[in-house]
$ cat final.pdb   # PDB, C-alpha atoms
ATOM      1  CA  MET X   2       0.000   0.000   0.000  1.00  0.00           C
ATOM      2  CA  LEU X   3       1.286   3.436  -0.957  1.00  0.00           C
ATOM      3  CA  THR X   4       1.740   5.844   1.934  1.00  0.00           C
ATOM      4  CA  ILE X   5       1.526   9.525   1.143  1.00  0.00           C
ATOM      5  CA  LEU X   6       3.660  11.592   3.496  1.00  0.00           C
ATOM      6  CA  PRO X   7       2.399  15.145   2.940  1.00  0.00           C
ATOM      7  CA  VAL X   8       4.552  16.869   5.545  1.00  0.00           C
ATOM      8  CA  THR X   9       7.740  15.133   4.429  1.00  0.00           C
ATOM      9  CA  LEU X  10       7.008  15.750   0.752  1.00  0.00           C
ATOM     10  CA  THR X  11       6.171  19.408   1.314  1.00  0.00           C
ATOM     11  CA  ALA X  12       9.178  19.984   3.586  1.00  0.00           C
ATOM     12  CA  THR X  13      11.518  18.294   1.106  1.00  0.00           C
ATOM     13  CA  ALA X  14      10.124  20.387  -1.744  1.00  0.00           C
ATOM     14  CA  ALA X  15      10.584  23.526   0.374  1.00  0.00           C
ATOM     15  CA  ALA X  16      14.158  22.474   1.132  1.00  0.00           C
ATOM     16  CA  ALA X  17      14.908  22.029  -2.561  1.00  0.00           C
ATOM     17  CA  ILE X  18      13.456  25.440  -3.408  1.00  0.00           C
ATOM     18  CA  LEU X  19      15.324  27.106  -0.556  1.00  0.00           C
ATOM     19  CA  THR X  20      18.572  25.443  -1.647  1.00  0.00           C
ATOM     20  CA  LEU X  21      18.028  26.802  -5.143  1.00  0.00           C
ATOM     21  CA  TRP X  22      17.307  30.291  -3.757  1.00  0.00           C
ATOM     22  CA  LEU X  23      20.477  30.194  -1.652  1.00  0.00           C
ATOM     23  CA  SER X  24      22.480  29.133  -4.730  1.00  0.00           C
ATOM     24  CA  ILE X  25      21.025  31.967  -6.799  1.00  0.00           C
ATOM     25  CA  ARG X  26      21.988  34.451  -4.075  1.00  0.00           C
ATOM     26  CA  ILE X  27      25.566  33.135  -4.187  1.00  0.00           C
ATOM     27  CA  GLY X  28      25.602  33.353  -7.976  1.00  0.00           C
ATOM     28  CA  ALA X  29      24.475  36.977  -7.875  1.00  0.00           C
ATOM     29  CA  VAL X  30      27.408  37.948  -5.662  1.00  0.00           C
ATOM     30  CA  ARG X  31      29.819  35.860  -7.754  1.00  0.00           C
ATOM     31  CA  GLN X  32      28.686  37.586 -10.921  1.00  0.00           C
ATOM     32  CA  ALA X  33      28.816  41.089  -9.428  1.00  0.00           C
ATOM     33  CA  ALA X  34      32.287  40.498  -7.962  1.00  0.00           C
ATOM     34  CA  GLU X  35      33.499  38.476 -10.963  1.00  0.00           C
ATOM     35  CA  ILE X  36      34.588  35.580  -8.752  1.00  0.00           C
ATOM     36  CA  SER X  37      34.330  32.213 -10.458  1.00  0.00           C
ATOM     37  CA  ILE X  38      35.964  29.866  -7.955  1.00  0.00           C
ATOM     38  CA  GLY X  39      36.272  30.062  -4.180  1.00  0.00           C
ATOM     39  CA  ASP X  40      35.347  33.202  -2.302  1.00  0.00           C
ATOM     40  CA  GLY X  41      38.062  35.494  -3.661  1.00  0.00           C
ATOM     41  CA  GLY X  42      38.336  37.077  -0.226  1.00  0.00           C
ATOM     42  CA  SER X  43      34.886  38.592  -0.685  1.00  0.00           C
ATOM     43  CA  ASP X  44      33.091  38.972   2.651  1.00  0.00           C
ATOM     44  CA  PRO X  45      29.595  39.099   1.075  1.00  0.00           C
ATOM     45  CA  LEU X  46      30.308  35.953  -0.936  1.00  0.00           C
ATOM     46  CA  MET X  47      31.754  34.159   2.087  1.00  0.00           C
ATOM     47  CA  ARG X  48      28.646  35.058   4.114  1.00  0.00           C
ATOM     48  CA  ARG X  49      26.270  33.728   1.473  1.00  0.00           C
ATOM     49  CA  MET X  50      28.314  30.571   0.998  1.00  0.00           C
ATOM     50  CA  ARG X  51      28.197  29.934   4.763  1.00  0.00           C
ATOM     51  CA  ALA X  52      24.442  30.554   4.843  1.00  0.00           C
ATOM     52  CA  GLN X  53      23.977  27.856   2.218  1.00  0.00           C
ATOM     53  CA  ALA X  54      26.458  25.498   3.856  1.00  0.00           C
ATOM     54  CA  ASN X  55      24.768  25.927   7.235  1.00  0.00           C
ATOM     55  CA  PHE X  56      21.406  25.140   5.627  1.00  0.00           C
ATOM     56  CA  VAL X  57      22.843  22.022   4.000  1.00  0.00           C
ATOM     57  CA  GLU X  58      24.431  20.946   7.303  1.00  0.00           C
ATOM     58  CA  ASN X  59      21.187  21.105   9.286  1.00  0.00           C
ATOM     59  CA  THR X  60      18.344  20.386   6.879  1.00  0.00           C
ATOM     60  CA  PRO X  61      19.015  16.661   6.272  1.00  0.00           C
ATOM     61  CA  PHE X  62      18.614  15.990  10.000  1.00  0.00           C
ATOM     62  CA  VAL X  63      15.382  17.992  10.151  1.00  0.00           C
ATOM     63  CA  LEU X  64      13.995  16.178   7.104  1.00  0.00           C
ATOM     64  CA  ALA X  65      15.024  12.761   8.451  1.00  0.00           C
ATOM     65  CA  LEU X  66      13.309  13.468  11.768  1.00  0.00           C
ATOM     66  CA  ILE X  67      10.178  14.770  10.035  1.00  0.00           C
ATOM     67  CA  LEU X  68      10.074  11.634   7.888  1.00  0.00           C
ATOM     68  CA  ALA X  69      10.606   9.289  10.818  1.00  0.00           C
ATOM     69  CA  ILE X  70       7.972  10.991  12.945  1.00  0.00           C
ATOM     70  CA  GLU X  71       5.471  11.121  10.090  1.00  0.00           C
ATOM     71  CA  LEU X  72       6.027   7.427   9.310  1.00  0.00           C
ATOM     72  CA  THR X  73       5.063   6.554  12.890  1.00  0.00           C
ATOM     73  CA  GLY X  74       1.742   8.319  12.449  1.00  0.00           C
ATOM     74  CA  LYS X  75       2.533  10.672  15.335  1.00  0.00           C
ATOM     75  CA  GLY X  76       3.189  13.660  13.076  1.00  0.00           C
ATOM     76  CA  THR X  77      -0.194  15.285  13.167  1.00  0.00           C
ATOM     77  CA  TRP X  78      -0.920  18.925  12.311  1.00  0.00           C
ATOM     78  CA  TRP X  79       1.890  20.200  14.538  1.00  0.00           C
ATOM     79  CA  LEU X  80       4.627  18.638  12.400  1.00  0.00           C
ATOM     80  CA  ALA X  81       3.716  20.795   9.403  1.00  0.00           C
ATOM     81  CA  TYR X  82       3.892  23.920  11.556  1.00  0.00           C
ATOM     82  CA  VAL X  83       7.296  22.938  12.911  1.00  0.00           C
ATOM     83  CA  ALA X  84       8.560  22.424   9.358  1.00  0.00           C
ATOM     84  CA  GLY X  85       7.175  25.808   8.319  1.00  0.00           C
ATOM     85  CA  VAL X  86       8.796  27.549  11.271  1.00  0.00           C
ATOM     86  CA  TYR X  87      12.097  25.871  10.432  1.00  0.00           C
ATOM     87  CA  PHE X  88      12.077  27.140   6.849  1.00  0.00           C
ATOM     88  CA  ILE X  89      11.076  30.659   7.860  1.00  0.00           C
ATOM     89  CA  ALA X  90      13.971  30.609  10.337  1.00  0.00           C
ATOM     90  CA  ARG X  91      16.363  29.488   7.620  1.00  0.00           C
ATOM     91  CA  ILE X  92      15.272  32.375   5.391  1.00  0.00           C
ATOM     92  CA  ALA X  93      15.809  34.773   8.311  1.00  0.00           C
ATOM     93  CA  HIS X  94      19.246  33.229   8.857  1.00  0.00           C
ATOM     94  CA  ALA X  95      20.202  33.727   5.204  1.00  0.00           C
ATOM     95  CA  TYR X  96      19.218  37.402   5.260  1.00  0.00           C
ATOM     96  CA  GLY X  97      20.901  37.786   8.639  1.00  0.00           C
ATOM     97  CA  MET X  98      24.139  36.425   7.243  1.00  0.00           C
ATOM     98  CA  ASP X  99      24.189  39.371   4.825  1.00  0.00           C
ATOM     99  CA  GLY X 100      24.585  41.672   7.831  1.00  0.00           C
ATOM    100  CA  GLY X 101      23.086  45.127   7.733  1.00  0.00           C
ATOM    101  CA  LYS X 102      19.647  45.859   9.115  1.00  0.00           C
ATOM    102  CA  PHE X 103      18.599  42.187   9.021  1.00  0.00           C
ATOM    103  CA  LYS X 104      21.624  40.870  10.945  1.00  0.00           C
ATOM    104  CA  ALA X 105      19.404  39.770  13.869  1.00  0.00           C
ATOM    105  CA  GLY X 106      17.921  37.184  11.504  1.00  0.00           C
ATOM    106  CA  ARG X 107      21.120  35.188  11.807  1.00  0.00           C
ATOM    107  CA  MET X 108      20.692  34.736  15.560  1.00  0.00           C
ATOM    108  CA  VAL X 109      16.955  34.098  15.281  1.00  0.00           C
ATOM    109  CA  GLY X 110      17.498  31.548  12.524  1.00  0.00           C
ATOM    110  CA  THR X 111      20.236  29.804  14.478  1.00  0.00           C
ATOM    111  CA  LEU X 112      18.235  29.608  17.698  1.00  0.00           C
ATOM    112  CA  VAL X 113      15.065  28.396  15.987  1.00  0.00           C
ATOM    113  CA  THR X 114      17.060  25.781  14.078  1.00  0.00           C
ATOM    114  CA  MET X 115      18.527  24.469  17.326  1.00  0.00           C
ATOM    115  CA  VAL X 116      15.139  24.394  19.045  1.00  0.00           C
ATOM    116  CA  VAL X 117      13.529  22.595  16.089  1.00  0.00           C
ATOM    117  CA  LEU X 118      16.336  20.022  15.913  1.00  0.00           C
ATOM    118  CA  LEU X 119      16.231  19.395  19.639  1.00  0.00           C
ATOM    119  CA  GLY X 120      12.440  19.290  19.754  1.00  0.00           C
ATOM    120  CA  LEU X 121      12.143  16.844  16.856  1.00  0.00           C
ATOM    121  CA  ALA X 122      14.920  14.681  18.321  1.00  0.00           C
ATOM    122  CA  VAL X 123      13.160  14.544  21.693  1.00  0.00           C
ATOM    123  CA  VAL X 124       9.834  13.663  20.074  1.00  0.00           C
ATOM    124  CA  ALA X 125      11.504  10.942  17.987  1.00  0.00           C
ATOM    125  CA  ALA X 126      13.221   9.512  21.076  1.00  0.00           C
ATOM    126  CA  LEU X 127       9.959   9.541  23.025  1.00  0.00           C
ATOM    127  CA  ILE X 128       8.171   7.786  20.180  1.00  0.00           C
ATOM    128  CA  ALA X 129      10.971   5.207  19.990  1.00  0.00           C
ATOM    129  CA  GLY X 130      10.737   4.670  23.743  1.00  0.00           C
ATOM    130  CA  ARG X 131       6.968   4.278  23.351  1.00  0.00           C
ATOM    131  CA  VAL X 132       6.349   7.196  25.686  1.00  0.00           C
ATOM    132  CA  LEU X 133       4.351   8.993  22.976  1.00  0.00           C
TER     133      LEU X 133
END
$ encode --input "final.pdb" --output "C-alpha cells"
Amino acid sequence: MLTILPVTLTATAAAAILTLWLSIRIGAVRQAAEISIGDGGSDPLMRRMRAQANFVENTPFVLALILAIELTGKGTWWLAYVAGVYFIARIAHAYGMDGGKFKAGRMVGTLVTMVVLLGLAVVAALIAGRVL
C-alpha cells in the first residue's frame, strides 16, 4: 500500500526550493564580484556561501526526523507547523548572514534551528521509547 507523506514531501520540496534560492543568491554575488571559484576574499560571498552550507548541514537531519515521525503516524498537524517555522527561520538566517539591518535574523534563525532540531529529536526519542 502506498503511503503519502504530505509533511515530508512538502518539507523536502521547500528544502529544494530554498537550496536553489540560496544558490542563486551566491551566484548573484559571484557575478557582481566576478569571482568564479572560491570566495576570492569577498566577505559578502563568504557570508552567502556559509548561509547555504549551514542550511545544508542542518536540513538533512530535520527532514530525516520529520520523515521518521510522520512514518510513525505521530506527526499530526503540529509537524507541518514545525517544518514551516524551520524554513522561515532558515530564510531569516540567510538574510541575517548578509549583515546590515537584518543581521538579527542570523541569531533568530540559528536559535530556531537548534530548538527545532532538539524538539524533533526529543519527540523521535519519546516515540521510539513508546512514551508517545
$ resolve_selection --input "final.pdb" --expression "the PyMOL selection byres ((chain X and resi 12) around 12)" --output "NGL selection string"
:X and (6-11 or 13-19 or 60-61 or 63-68 or 71 or 80-89)
$ closest_residue --input "final.pdb" --among "X:Ser24, X:Thr4, X:Val132, X:Thr77" --to "X:Arg49" --atoms "all atoms listed in the file"
X:Ser24
$ residues_around --input "final.pdb" --residues "X:Met98" --least-positions-apart "3" --cutoff "6 Å" --atoms "only C-alpha atoms" --output "ChimeraX atom specification"
/X:48,95,107
$ write_last_selection --input "final.pdb" --atoms "C-alpha atoms" --output "mmCIF file, in the frame of the given file"
data_model
loop_
_atom_site.group_PDB
_atom_site.id
_atom_site.type_symbol
_atom_site.label_atom_id
_atom_site.label_comp_id
_atom_site.auth_asym_id
_atom_site.auth_seq_id
_atom_site.Cartn_x
_atom_site.Cartn_y
_atom_site.Cartn_z
ATOM 1 C CA ARG X 48 28.646 35.058 4.114
ATOM 2 C CA ALA X 95 20.202 33.727 5.204
ATOM 3 C CA ARG X 107 21.120 35.188 11.807
#
$ atom_distance --input "final.pdb" --atom1 "atom CA of X:Leu3" --atom2 "atom CA of X:Ala125"
22.8 Å
$ residues_around --input "final.pdb" --residues "X:Leu133" --least-positions-apart "5" --cutoff "9 Å" --atoms "all atoms listed in the file" --output "PyMOL selection string"
chain X and resi 75+124-125+127-128
$ atom_distance --input "final.pdb" --atom1 "atom CA of X:Ala52" --atom2 "atom CA of X:Asp99"
8.8 Å
